[in-house]
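For reference, final18.cif (mmCIF, C-alpha atoms):
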data_query
#
loop_
_atom_site.group_PDB
_atom_site.id
_atom_site.type_symbol
_atom_site.label_atom_id
_atom_site.label_comp_id
_atom_site.auth_asym_id
_atom_site.auth_seq_id
_atom_site.Cartn_x
_atom_site.Cartn_y
_atom_site.Cartn_z
ATOM 1 C CA MET W 1 0.000 0.000 0.000
ATOM 2 C CA ALA W 2 1.107 3.559 -0.710
ATOM 3 C CA PRO W 3 1.831 5.911 2.200
ATOM 4 C CA VAL W 4 -0.928 8.303 3.281
ATOM 5 C CA ILE W 5 -1.349 11.544 5.215
ATOM 6 C CA SER W 6 -2.338 10.457 8.728
ATOM 7 C CA LYS W 7 -2.352 13.847 10.490
ATOM 8 C CA ILE W 8 -2.126 17.510 9.558
ATOM 9 C CA TYR W 9 -0.910 20.217 11.946
ATOM 10 C CA ILE W 10 -0.648 23.957 11.590
ATOM 11 C CA TYR W 11 0.825 26.509 13.989
ATOM 12 C CA PRO W 12 -0.856 29.882 13.387
ATOM 13 C CA ILE W 13 1.385 31.408 16.082
ATOM 14 C CA LYS W 14 4.989 30.306 15.714
ATOM 15 C CA SER W 15 6.172 28.231 18.710
ATOM 16 C CA CYS W 16 2.700 27.838 20.230
ATOM 17 C CA LYS W 17 0.575 24.702 20.564
ATOM 18 C CA ALA W 18 -0.032 22.560 17.479
ATOM 19 C CA LEU W 19 -3.493 22.799 15.934
ATOM 20 C CA GLU W 20 -4.588 19.476 14.449
ATOM 21 C CA ILE W 21 -6.894 19.763 11.449
ATOM 22 C CA SER W 22 -8.422 17.272 9.031
ATOM 23 C CA GLU W 23 -7.703 19.263 5.881
ATOM 24 C CA SER W 24 -6.008 22.445 4.760
ATOM 25 C CA GLN W 25 -6.154 24.782 1.826
ATOM 26 C CA LEU W 26 -2.839 25.582 0.223
ATOM 27 C CA SER W 27 -1.689 29.189 0.282
ATOM 28 C CA LYS W 28 1.336 31.233 -0.710
ATOM 29 C CA TYR W 29 2.864 30.219 2.647
ATOM 30 C CA GLY W 30 2.292 26.470 2.224
ATOM 31 C CA LEU W 31 -0.651 25.470 4.430
ATOM 32 C CA ALA W 32 -3.191 28.206 5.083
ATOM 33 C CA TYR W 33 -2.638 30.234 8.282
ATOM 34 C CA ASP W 34 0.529 28.375 9.216
ATOM 35 C CA ARG W 35 2.995 30.495 11.228
ATOM 36 C CA VAL W 36 1.534 33.828 10.174
ATOM 37 C CA PHE W 37 1.606 35.287 13.738
ATOM 38 C CA LEU W 38 4.687 35.830 15.873
ATOM 39 C CA VAL W 39 5.551 36.812 19.446
ATOM 40 C CA ILE W 40 8.553 39.153 19.603
ATOM 41 C CA ASP W 41 10.817 40.943 22.057
ATOM 42 C CA PRO W 42 9.731 44.616 21.831
ATOM 43 C CA GLU W 43 13.240 45.913 22.503
ATOM 44 C CA THR W 44 15.005 43.994 19.744
ATOM 45 C CA ASN W 45 12.014 43.067 17.537
ATOM 46 C CA LYS W 46 13.432 39.546 17.424
ATOM 47 C CA LEU W 47 11.259 36.460 17.603
ATOM 48 C CA ARG W 48 10.498 34.739 20.890
ATOM 49 C CA THR W 49 10.296 30.941 20.709
ATOM 50 C CA MET W 50 9.706 27.940 22.914
ATOM 51 C CA ARG W 51 13.438 27.245 22.812
ATOM 52 C CA GLU W 52 13.854 29.959 25.457
ATOM 53 C CA LEU W 53 10.239 30.123 26.672
ATOM 54 C CA PRO W 54 8.971 26.523 26.718
ATOM 55 C CA LEU W 55 5.616 27.591 28.188
ATOM 56 C CA MET W 56 4.746 28.889 24.735
ATOM 57 C CA THR W 57 3.900 25.319 23.734
ATOM 58 C CA LEU W 58 0.918 25.421 26.140
ATOM 59 C CA ILE W 59 -0.649 28.461 24.472
ATOM 60 C CA ASP W 60 -3.693 27.004 22.718
ATOM 61 C CA GLN W 61 -4.856 28.308 19.348
ATOM 62 C CA GLN W 62 -8.108 27.544 17.576
ATOM 63 C CA ILE W 63 -9.675 28.901 14.398
ATOM 64 C CA VAL W 64 -13.290 29.904 14.998
ATOM 65 C CA GLY W 65 -14.932 31.507 11.994
ATOM 66 C CA ASP W 66 -12.765 34.435 10.946
ATOM 67 C CA GLU W 67 -10.997 34.697 14.305
ATOM 68 C CA LEU W 68 -8.003 33.095 15.971
ATOM 69 C CA VAL W 69 -8.960 32.268 19.548
ATOM 70 C CA ILE W 70 -5.916 32.092 21.814
ATOM 71 C CA LYS W 71 -5.946 30.675 25.347
ATOM 72 C CA ALA W 72 -3.095 30.979 27.844
ATOM 73 C CA GLY W 73 -3.815 29.839 31.381
ATOM 74 C CA GLU W 74 -7.222 31.253 32.319
ATOM 75 C CA LYS W 75 -7.122 34.111 29.807
ATOM 76 C CA THR W 76 -8.502 34.253 26.261
ATOM 77 C CA LEU W 77 -7.599 36.569 23.410
ATOM 78 C CA LYS W 78 -9.354 36.869 20.050
ATOM 79 C CA VAL W 79 -7.727 38.415 16.981
ATOM 80 C CA PRO W 80 -8.736 38.550 13.318
ATOM 81 C CA LEU W 81 -7.432 35.552 11.421
ATOM 82 C CA GLU W 82 -6.651 37.823 8.467
ATOM 83 C CA PRO W 83 -6.034 41.276 9.954
ATOM 84 C CA ASP W 84 -6.531 44.406 7.870
ATOM 85 C CA HIS W 85 -3.018 45.831 8.081
ATOM 86 C CA SER W 86 -4.233 49.361 7.396
ATOM 87 C CA LYS W 87 -5.738 49.335 10.904
ATOM 88 C CA TYR W 88 -2.492 48.435 12.692
ATOM 89 C CA GLU W 89 0.913 49.989 13.188
ATOM 90 C CA PRO W 90 3.613 48.517 10.943
ATOM 91 C CA ARG W 91 6.550 46.885 12.674
ATOM 92 C CA GLY W 92 9.762 45.445 11.321
ATOM 93 C CA VAL W 93 10.725 42.131 12.924
ATOM 94 C CA THR W 94 13.687 39.784 12.730
ATOM 95 C CA VAL W 95 13.374 36.027 12.250
ATOM 96 C CA TRP W 96 16.897 34.724 12.714
ATOM 97 C CA LYS W 97 18.868 36.872 10.252
ATOM 98 C CA GLU W 98 15.955 37.979 8.081
ATOM 99 C CA HIS W 99 14.171 41.314 8.395
ATOM 100 C CA LEU W 100 10.430 41.008 7.751
ATOM 101 C CA GLU W 101 7.530 43.413 7.651
ATOM 102 C CA ALA W 102 4.581 42.885 9.974
ATOM 103 C CA ALA W 103 1.625 44.559 11.663
ATOM 104 C CA ASP W 104 1.658 45.088 15.432
ATOM 105 C CA MET W 105 -1.597 43.679 16.805
ATOM 106 C CA GLY W 106 -1.867 46.219 19.600
ATOM 107 C CA ASP W 107 -1.454 46.697 23.336
ATOM 108 C CA GLU W 108 -4.111 44.212 24.468
ATOM 109 C CA SER W 109 -2.464 41.317 22.659
ATOM 110 C CA ALA W 110 0.984 42.444 23.805
ATOM 111 C CA GLN W 111 -0.131 42.459 27.434
ATOM 112 C CA PHE W 112 -1.787 39.038 27.021
ATOM 113 C CA PHE W 113 1.506 37.393 26.056
ATOM 114 C CA THR W 114 3.567 39.487 28.467
ATOM 115 C CA ASN W 115 1.412 38.426 31.418
ATOM 116 C CA TYR W 116 1.551 34.734 30.575
ATOM 117 C CA LEU W 117 5.210 34.443 29.589
ATOM 118 C CA GLY W 118 6.569 36.848 32.199
ATOM 119 C CA VAL W 119 8.714 38.823 29.757
ATOM 120 C CA PRO W 120 7.913 41.876 27.610
ATOM 121 C CA CYS W 121 6.199 40.870 24.367
ATOM 122 C CA ARG W 122 4.575 42.259 21.253
ATOM 123 C CA PHE W 123 2.359 40.241 18.939
ATOM 124 C CA VAL W 124 2.572 40.662 15.169
ATOM 125 C CA HIS W 125 1.092 39.365 11.909
ATOM 126 C CA LYS W 126 3.147 38.821 8.754
ATOM 127 C CA SER W 127 2.637 41.472 6.078
ATOM 128 C CA PRO W 128 0.987 39.854 3.032
ATOM 129 C CA ASP W 129 2.867 42.294 0.797
ATOM 130 C CA HIS W 130 6.356 41.387 2.001
ATOM 131 C CA ILE W 131 7.804 38.434 0.117
ATOM 132 C CA ARG W 132 10.118 36.090 2.009
ATOM 133 C CA PRO W 133 11.439 33.797 -0.728
ATOM 134 C CA VAL W 134 12.543 30.208 -0.223
ATOM 135 C CA ILE W 135 15.637 29.626 -2.342
ATOM 136 C CA GLU W 136 17.924 27.004 -0.798
ATOM 137 C CA HIS W 137 17.437 23.616 -2.508
ATOM 138 C CA ALA W 138 13.963 24.762 -3.552
ATOM 139 C CA PRO W 139 12.211 24.676 -6.910
ATOM 140 C CA GLY W 140 11.870 28.051 -8.573
ATOM 141 C CA VAL W 141 10.079 29.720 -11.440
ATOM 142 C CA SER W 142 11.477 27.296 -14.021
ATOM 143 C CA GLU W 143 9.990 24.309 -12.168
ATOM 144 C CA ILE W 144 6.770 25.606 -10.606
ATOM 145 C CA GLY W 145 6.109 28.969 -12.243
ATOM 146 C CA PHE W 146 6.623 31.129 -9.142
ATOM 147 C CA THR W 147 9.109 31.742 -6.349
ATOM 148 C CA PRO W 148 8.010 29.861 -3.216
ATOM 149 C CA GLN W 149 7.842 31.790 0.030
ATOM 150 C CA THR W 150 7.075 31.321 3.690
ATOM 151 C CA ALA W 151 5.764 33.453 6.549
ATOM 152 C CA PHE W 152 7.445 33.054 9.967
ATOM 153 C CA ALA W 153 8.527 29.408 9.615
ATOM 154 C CA ASP W 154 12.258 28.885 10.096
ATOM 155 C CA ASN W 155 13.028 28.160 6.442
ATOM 156 C CA TYR W 156 10.406 26.295 4.422
ATOM 157 C CA PRO W 157 6.618 26.291 3.916
ATOM 158 C CA ILE W 158 5.916 22.687 4.993
ATOM 159 C CA LEU W 159 7.596 20.038 7.147
ATOM 160 C CA ALA W 160 6.791 16.352 6.612
ATOM 161 C CA LEU W 161 7.669 13.407 8.844
ATOM 162 C CA SER W 162 6.586 9.772 8.962
ATOM 163 C CA GLU W 163 5.223 7.940 11.974
ATOM 164 C CA GLU W 164 7.636 5.115 11.250
ATOM 165 C CA SER W 165 10.617 7.455 11.583
ATOM 166 C CA VAL W 166 9.541 8.580 15.043
ATOM 167 C CA GLN W 167 8.818 4.994 16.042
ATOM 168 C CA ASP W 168 12.399 4.152 15.082
ATOM 169 C CA ILE W 169 13.741 7.085 17.113
ATOM 170 C CA ASN W 170 11.735 5.910 20.111
ATOM 171 C CA THR W 171 13.466 2.527 20.079
ATOM 172 C CA LYS W 172 16.668 4.428 20.929
ATOM 173 C CA LEU W 173 15.170 6.551 23.737
ATOM 174 C CA GLU W 174 14.506 5.608 27.348
ATOM 175 C CA GLU W 175 11.451 7.885 27.326
ATOM 176 C CA PRO W 176 9.489 7.786 24.040
ATOM 177 C CA VAL W 177 8.440 11.101 22.519
ATOM 178 C CA SER W 178 5.404 12.061 20.477
ATOM 179 C CA ILE W 179 5.674 13.141 16.867
ATOM 180 C CA VAL W 180 4.408 16.597 17.869
ATOM 181 C CA ARG W 181 7.818 17.234 19.472
ATOM 182 C CA PHE W 182 9.150 17.659 15.931
ATOM 183 C CA ARG W 183 6.374 20.080 14.908
ATOM 184 C CA PRO W 184 5.538 18.602 11.505
ATOM 185 C CA ASN W 185 2.799 19.875 9.230
ATOM 186 C CA LEU W 186 2.224 16.609 7.409
ATOM 187 C CA VAL W 187 2.428 13.317 9.288
ATOM 188 C CA ILE W 188 2.804 10.333 6.981
ATOM 189 C CA SER W 189 2.081 6.683 7.708
ATOM 190 C CA GLY W 190 2.704 3.531 5.718
ATOM 191 C CA VAL W 191 6.298 4.054 4.546
ATOM 192 C CA THR W 192 8.238 0.845 3.993
ATOM 193 C CA ALA W 193 11.183 1.866 6.201
ATOM 194 C CA PRO W 194 11.988 4.603 8.732
ATOM 195 C CA PHE W 195 13.158 7.840 7.088
ATOM 196 C CA GLU W 196 12.088 6.673 3.652
ATOM 197 C CA GLU W 197 10.715 10.190 3.179
ATOM 198 C CA ASP W 198 14.323 11.437 3.149
ATOM 199 C CA THR W 199 14.781 9.809 -0.255
ATOM 200 C CA TRP W 200 11.763 11.349 -1.990
ATOM 201 C CA CYS W 201 12.109 14.231 -4.451
ATOM 202 C CA THR W 202 8.667 14.761 -5.976
ATOM 203 C CA VAL W 203 5.412 13.397 -4.634
ATOM 204 C CA ASP W 204 1.916 13.768 -6.085
ATOM 205 C CA ILE W 205 -0.854 14.389 -3.543
ATOM 206 C CA ASN W 206 -4.331 15.156 -4.833
ATOM 207 C CA GLY W 207 -2.993 16.396 -8.151
ATOM 208 C CA VAL W 208 -0.425 18.752 -6.609
ATOM 209 C CA THR W 209 3.302 18.045 -6.851
ATOM 210 C CA TYR W 210 5.185 18.432 -3.571
ATOM 211 C CA TYR W 211 8.949 18.931 -3.828
ATOM 212 C CA PHE W 212 10.757 17.242 -0.926
ATOM 213 C CA THR W 213 13.709 19.622 -0.853
ATOM 214 C CA CYS W 214 16.131 18.757 1.960
ATOM 215 C CA ARG W 215 16.314 17.304 5.447
ATOM 216 C CA CYS W 216 15.340 19.433 8.431
ATOM 217 C CA THR W 217 18.177 20.164 10.855
ATOM 218 C CA ARG W 218 17.130 20.080 14.505
ATOM 219 C CA CYS W 219 17.937 22.329 17.452
ATOM 220 C CA ASP W 220 16.885 21.528 21.012
ATOM 221 C CA MET W 221 13.205 22.409 20.475
ATOM 222 C CA PRO W 222 12.180 18.698 20.550
ATOM 223 C CA ASN W 223 13.406 18.688 24.173
ATOM 224 C CA VAL W 224 10.248 20.628 25.115
ATOM 225 C CA ASP W 225 7.385 18.391 26.241
ATOM 226 C CA PRO W 226 4.269 19.772 24.488
ATOM 227 C CA GLU W 227 2.021 18.392 27.235
ATOM 228 C CA THR W 228 3.783 20.018 30.185
ATOM 229 C CA GLY W 229 5.809 22.893 28.755
ATOM 230 C CA ILE W 230 8.896 21.528 30.511
ATOM 231 C CA LYS W 231 12.201 21.433 28.635
ATOM 232 C CA ASP W 232 14.629 18.596 29.248
ATOM 233 C CA LYS W 233 18.283 19.634 29.286
ATOM 234 C CA LEU W 234 19.475 16.687 27.195
ATOM 235 C CA GLN W 235 16.847 14.487 25.588
ATOM 236 C CA PRO W 236 15.942 13.671 22.921
ATOM 237 C CA GLN W 237 18.541 15.991 21.376
ATOM 238 C CA LYS W 238 21.534 14.093 22.776
ATOM 239 C CA THR W 239 20.305 10.808 21.344
ATOM 240 C CA LEU W 240 19.324 12.406 18.049
ATOM 241 C CA GLN W 241 22.838 13.781 17.689
ATOM 242 C CA SER W 242 24.221 10.270 18.037
ATOM 243 C CA ILE W 243 21.863 8.553 15.572
ATOM 244 C CA ARG W 244 20.647 11.189 13.090
ATOM 245 C CA ARG W 245 23.735 13.148 12.022
ATOM 246 C CA VAL W 246 23.213 11.616 8.613
ATOM 247 C CA ASP W 247 23.572 14.591 6.277
ATOM 248 C CA LYS W 248 27.168 15.230 5.170
ATOM 249 C CA GLY W 249 26.416 18.560 3.551
ATOM 250 C CA LYS W 250 28.328 21.535 4.894
ATOM 251 C CA LYS W 251 25.062 23.114 6.107
ATOM 252 C CA ALA W 252 23.937 20.072 8.081
ATOM 253 C CA LYS W 253 26.762 17.729 9.052
ATOM 254 C CA PHE W 254 26.882 18.965 12.655
ATOM 255 C CA TYR W 255 23.124 18.629 13.217
ATOM 256 C CA ALA W 256 20.687 15.818 13.787
ATOM 257 C CA CYS W 257 18.172 15.669 10.935
ATOM 258 C CA VAL W 258 14.546 14.636 11.468
ATOM 259 C CA GLY W 259 11.828 15.386 8.925
ATOM 260 C CA ILE W 260 12.053 16.833 5.452
ATOM 261 C CA ASN W 261 11.222 20.286 4.114
ATOM 262 C CA VAL W 262 8.580 20.486 1.407
ATOM 263 C CA VAL W 263 7.460 23.006 -1.246
ATOM 264 C CA PRO W 264 4.200 22.508 -3.214
ATOM 265 C CA ASN W 265 3.996 23.518 -6.885
ATOM 266 C CA SER W 266 0.648 25.253 -6.384
ATOM 267 C CA LEU W 267 -0.737 28.169 -4.395
ATOM 268 C CA THR W 268 -4.226 26.645 -4.382
ATOM 269 C CA GLY W 269 -5.674 23.233 -3.722
ATOM 270 C CA VAL W 270 -6.482 21.150 -0.691
ATOM 271 C CA ILE W 271 -4.702 18.437 1.265
ATOM 272 C CA ARG W 272 -6.611 16.072 3.550
ATOM 273 C CA VAL W 273 -6.011 13.360 6.098
ATOM 274 C CA GLY W 274 -6.215 10.090 4.168
ATOM 275 C CA ASP W 275 -4.720 11.475 0.959
ATOM 276 C CA VAL W 276 -2.414 9.014 -0.776
ATOM 277 C CA LEU W 277 1.179 9.964 -1.589
ATOM 278 C CA HIS W 278 2.338 8.896 -5.045
ATOM 279 C CA VAL W 279 6.137 9.098 -5.102
ATOM 280 C CA LYS W 280 7.258 10.208 -8.573
ATOM 281 C CA GLU W 281 11.009 10.782 -8.148
ATOM 282 C CA VAL W 282 13.563 9.670 -5.599
ATOM 283 C CA PHE W 283 16.974 11.174 -4.894
ATOM 284 C CA GLN W 284 19.959 9.968 -6.888
ATOM 285 C CA GLY W 285 23.065 9.612 -4.761
ATOM 286 C CA GLU W 286 23.577 10.773 -1.185
ATOM 287 C CA ARG W 287 21.318 13.611 -0.149
ATOM 288 C CA MET W 288 23.282 16.517 1.321
ATOM 289 C CA ARG W 289 22.158 19.943 2.472
ATOM 290 C CA THR W 290 24.773 22.274 1.043
ATOM 291 C CA GLY W 291 22.993 25.614 1.044
ATOM 292 C CA ALA W 292 22.992 25.745 -2.742
ATOM 293 C CA ALA W 293 20.191 27.538 -4.539
ATOM 294 C CA GLY W 294 18.125 25.757 -7.147
ATOM 295 C CA TRP W 295 16.451 22.403 -7.480
ATOM 296 C CA SER W 296 18.056 19.080 -8.354
ATOM 297 C CA THR W 297 17.278 15.413 -7.852
ATOM 298 C CA LYS W 298 20.974 14.580 -7.897
ATOM 299 C CA ALA W 299 23.678 14.836 -5.281
ATOM 300 C CA VAL W 300 25.545 18.144 -5.154
ATOM 301 C CA GLU W 301 29.291 18.180 -4.602
ATOM 302 C CA VAL W 302 30.074 19.196 -1.038
ATOM 303 C CA GLY W 303 32.555 22.037 -0.613
ATOM 304 C CA ALA W 304 35.298 22.096 1.964
#
What would you get if you wrote out this structure as structure tokens?
Amino acid sequence: MAPVISKIYIYPIKSCKALEISESQLSKYGLAYDRVFLVIDPETNKLRTMRELPLMTLIDQQIVGDELVIKAGEKTLKVPLEPDHSKYEPRGVTVWKEHLEAADMGDESAQFFTNYLGVPCRFVHKSPDHIRPVIEHAPGVSEIGFTPQTAFADNYPILALSEESVQDINTKLEEPVSIVRFRPNLVISGVTAPFEEDTWCTVDINGVTYYFTCRCTRCDMPNVDPETGIKDKLQPQKTLQSIRRVDKGKKAKFYACVGINVVPNSLTGVIRVGDVLHVKEVFQGERMRTGAAGWSTKAVEVGA
């Protein structure tokens, strides 16, 4: 049997609780409403994440009509799912080394996150007019007719990971972890071997071609338990470093790799739980994340 989509997750607010859905429309950012909001430090305008503030993973987010309903502790905040940016103050923000344009969602939302997290916060929404292109190892205009982009995700529009891969990881851990630790968008089941998804290049799902671009390098974010908001000092990162440093590319050889970054060839369409994955192309040679621009199904020579 062919592999299928077994779960779909989006994260409207980067670093907050996963929102499980049964289907998603595609958008210019990958899955609709994924990582379009961000909590930032108001002094530096840099992102705040659950790496430093693990309690962020307990902030619940639900889509109700045209609103995002956010719950933290006993408090609830509602914001427009698609804010009219003309009604908000513009604010430049920094996601890692990239400067992005956003709208500041106001004092009420800032105080909501400040009170819960215990540090000064502002809450912003990605400007729909500011393009953040995805270039590294990604298909471009010649392959898909447009330049792919993302909102506040680390690098790519979509992250895919198979259940079988996490099951294999758990055989190496004293305390098993859930797949949500790795914050995938698309959870796949029915692969023939763990990490088979690493070998895929193009996959047809519901008539849309998904380009499986490169492996996802992992920091210590999987050390945060999404059920408790407690961050372990060592695991599973320590074990992952010993078993999943599998990418010899100069951009990844020092990192554990779990999951694979994905770019769809369409800005419209729908993906659903139960959809079958038809693998069209697999990688030729050893897959290595080098940082090179452009798309290829063949191994790229690794520089010194």
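Shell of Ile179 (chain W) at 9 Å, with only C-alpha atoms counted and residues fewer than 6 places along the chain excluded, is Leu161, Ser162, Glu163, Val166, Gln167 and Val187 of chain W.
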- Item | Given all atoms listed in the file as the counted atoms, nearest of W:Val180, W:Cys201, W:Leu53, W:Ala151 to Gly118 (chain W) |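 Of all the options, W:Leu53 lies closest to Gly118 (chain W).
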- Selection as number ranges by chain: residues within 8 Å of (7.1, 31.0, 2.5), counting all atoms listed in the file: W: 28-30, 131-134, 148-153, 155-157
- Task: Tell me which protein, DNA and RNA residues are within 10 Å of Phe212 (chain W), counting only C-alpha atoms, leaving out same-chain ones fewer than 5 positions away, and put them as a PyMOL selection string.
- Result: chain W and resi 137-139+158-160+197-203+260-264+281-283+297
- Exercise: Glu175 (chain W) partners within 12 Å, all atoms listed in the file, chain neighbours under 4 positions left out, as an MDAnalysis selection string: chainID W and resid 167 169:171 223 225 232 234:236 239
- Selected residue, from W:Ala72, W:Phe123, W:Val258, W:Asp60, that lies nearest to Pro90 (chain W) when counting all atoms listed in the file: W:Phe123
- At what distance in Å, to one decimal, does CA of Pro120 (chain W) lie from CA of Glu43 (chain W)?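 These atoms are spaced 8.4 Å apart.
For the residues W:Met56, W:Cys216, W:Met105, W:Val36, ranking by smallest atom-to-atom distance to Pro184 (chain W) using all atoms listed in the file places W:Cys216 first.
Within a radius of 8 Å around (6.4, 1.1, 2.5), the polymer residues are Met1, Ala2, Pro3, Gly190, Val191, Thr192 and Ala193 of chain W, counting all atoms listed in the file.
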- W:Ser109, W:Asn185, W:Asn206, W:Asn265 ranked by distance to His125 (chain W), top pick (using only C-alpha atoms): W:Ser109
- Task: Run through the PyMOL selection byres ((chain W and resi 25) around 6) on the given coordinates and return the selected residues as a list in words.
- Result: Ser24, Leu26, Ala32, Gly269 and Val270 of chain W
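What the PyMOL selection byres ((chain W and resi 48) around 9) grabs from this file is Lys14, Ser15, Leu38, Val39, Ile40, Asp41, Lys46, Leu47, Thr49, Met50, Arg51, Glu52, Leu53 and Cys121 of chain W.
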- In Å, how far is it from CA of Val273 (chain W) to CA of Glu23 (chain W)?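 A separation of 6.1 Å between them.
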- Task: Enter the distance from CA of Lys233 (chain W) to CA of Met221 (chain W), in Å, rounded to one decimal.
- Result: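 Calculated distance between CA of Lys233 (chain W) and CA of Met221 (chain W) is 10.5 Å.
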- Task: Could you tell me which of W:Pro42, W:Gly140, W:Gly65, W:Pro54 comes closest to Asp107 (chain W) if we count all atoms listed in the file?
- Result: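 Result for the nearest residue to Asp107 (chain W): W:Pro42.
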- Item | Residue members of the PyMOL selection byres ((chain W and resi 9) around 9) in the file shown, as a ChimeraX atom specification | /W:7-8,10-11,18-22,34,180,183-187
- Query: Contacts of Asp204 (chain W) at 8 Å or less, counting all atoms listed in the file, minus same-chain residues fewer than 3 places along, as a ChimeraX atom specification?
  - Reply: /W:207-210,277-280
- Message: Using only C-alpha atoms, can you tell me which of W:Lys97, W:Lys298, W:Lys126, W:Arg215 comes closest to Ala252 (chain W)?
- Response: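 Result for the nearest residue to Ala252 (chain W): W:Arg215.
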As lines of an AutoDock Vina configuration file, please: the centre and edge lengths in Å, to one decimal, of an axis-aligned box enclosing every listed atom of region 158-163 of chain W with 5 Å added on each side.
center_x = 6.4
center_y = 15.3
center_z = 8.5
size_x = 12.4
size_y = 24.7
size_z = 17.0
Fix up region 123-143 of chain W with N, CA and C atoms, then write it as an mmCIF file, in the frame of the given file.
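Resulting contents of result-v1.cif:
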data_model
loop_
_atom_site.group_PDB
_atom_site.id
_atom_site.type_symbol
_atom_site.label_atom_id
_atom_site.label_comp_id
_atom_site.auth_asym_id
_atom_site.auth_seq_id
_atom_site.Cartn_x
_atom_site.Cartn_y
_atom_site.Cartn_z
ATOM 1 N N PHE W 123 2.960 41.296 19.753
ATOM 2 C CA PHE W 123 2.359 40.241 18.939
ATOM 3 C C PHE W 123 2.118 40.804 17.553
ATOM 4 N N VAL W 124 2.631 40.109 16.516
ATOM 5 C CA VAL W 124 2.572 40.662 15.169
ATOM 6 C C VAL W 124 2.030 39.647 14.166
ATOM 7 N N HIS W 125 1.585 40.181 13.021
ATOM 8 C CA HIS W 125 1.092 39.365 11.909
ATOM 9 C C HIS W 125 1.917 39.682 10.675
ATOM 10 N N LYS W 126 2.298 38.659 9.944
ATOM 11 C CA LYS W 126 3.147 38.821 8.754
ATOM 12 C C LYS W 126 2.451 39.674 7.698
ATOM 13 N N SER W 127 3.176 40.647 7.155
ATOM 14 C CA SER W 127 2.637 41.472 6.078
ATOM 15 C C SER W 127 2.420 40.619 4.835
ATOM 16 N N PRO W 128 1.217 40.635 4.254
ATOM 17 C CA PRO W 128 0.987 39.854 3.032
ATOM 18 C C PRO W 128 1.716 40.414 1.826
ATOM 19 N N ASP W 129 2.195 41.654 1.930
ATOM 20 C CA ASP W 129 2.867 42.294 0.797
ATOM 21 C C ASP W 129 4.379 42.080 0.798
ATOM 22 N N HIS W 130 4.915 41.596 1.905
ATOM 23 C CA HIS W 130 6.356 41.387 2.001
ATOM 24 C C HIS W 130 6.673 39.941 1.625
ATOM 25 N N ILE W 131 7.473 39.779 0.599
ATOM 26 C CA ILE W 131 7.804 38.434 0.117
ATOM 27 C C ILE W 131 9.072 37.930 0.804
ATOM 28 N N ARG W 132 8.963 36.752 1.400
ATOM 29 C CA ARG W 132 10.118 36.090 2.009
ATOM 30 C C ARG W 132 10.414 34.833 1.198
ATOM 31 N N PRO W 133 11.260 34.920 0.190
ATOM 32 C CA PRO W 133 11.439 33.797 -0.728
ATOM 33 C C PRO W 133 12.169 32.619 -0.102
ATOM 34 N N VAL W 134 11.847 31.436 -0.590
ATOM 35 C CA VAL W 134 12.543 30.208 -0.223
ATOM 36 C C VAL W 134 13.415 29.839 -1.417
ATOM 37 N N ILE W 135 14.717 29.810 -1.222
ATOM 38 C CA ILE W 135 15.637 29.626 -2.342
ATOM 39 C C ILE W 135 16.470 28.359 -2.197
ATOM 40 N N GLU W 136 16.992 28.115 -1.004
ATOM 41 C CA GLU W 136 17.924 27.004 -0.798
ATOM 42 C C GLU W 136 17.295 25.661 -1.136
ATOM 43 N N HIS W 137 17.880 24.958 -2.095
ATOM 44 C CA HIS W 137 17.437 23.616 -2.508
ATOM 45 C C HIS W 137 15.982 23.582 -2.968
ATOM 46 N N ALA W 138 15.392 24.712 -3.259
ATOM 47 C CA ALA W 138 13.963 24.762 -3.552
ATOM 48 C C ALA W 138 13.706 24.915 -5.045
ATOM 49 N N PRO W 139 12.581 24.411 -5.524
ATOM 50 C CA PRO W 139 12.211 24.676 -6.910
ATOM 51 C C PRO W 139 11.909 26.161 -7.092
ATOM 52 N N GLY W 140 12.126 26.641 -8.284
ATOM 53 C CA GLY W 140 11.870 28.051 -8.573
ATOM 54 C C GLY W 140 10.928 28.224 -9.735
ATOM 55 N N VAL W 141 11.006 29.385 -10.367
ATOM 56 C CA VAL W 141 10.079 29.720 -11.440
ATOM 57 C C VAL W 141 10.145 28.708 -12.575
ATOM 58 N N SER W 142 11.338 28.226 -12.893
ATOM 59 C CA SER W 142 11.477 27.296 -14.021
ATOM 60 C C SER W 142 10.778 25.967 -13.764
ATOM 61 N N GLU W 143 10.650 25.581 -12.489
ATOM 62 C CA GLU W 143 9.990 24.309 -12.168
ATOM 63 C C GLU W 143 8.508 24.477 -11.853
#
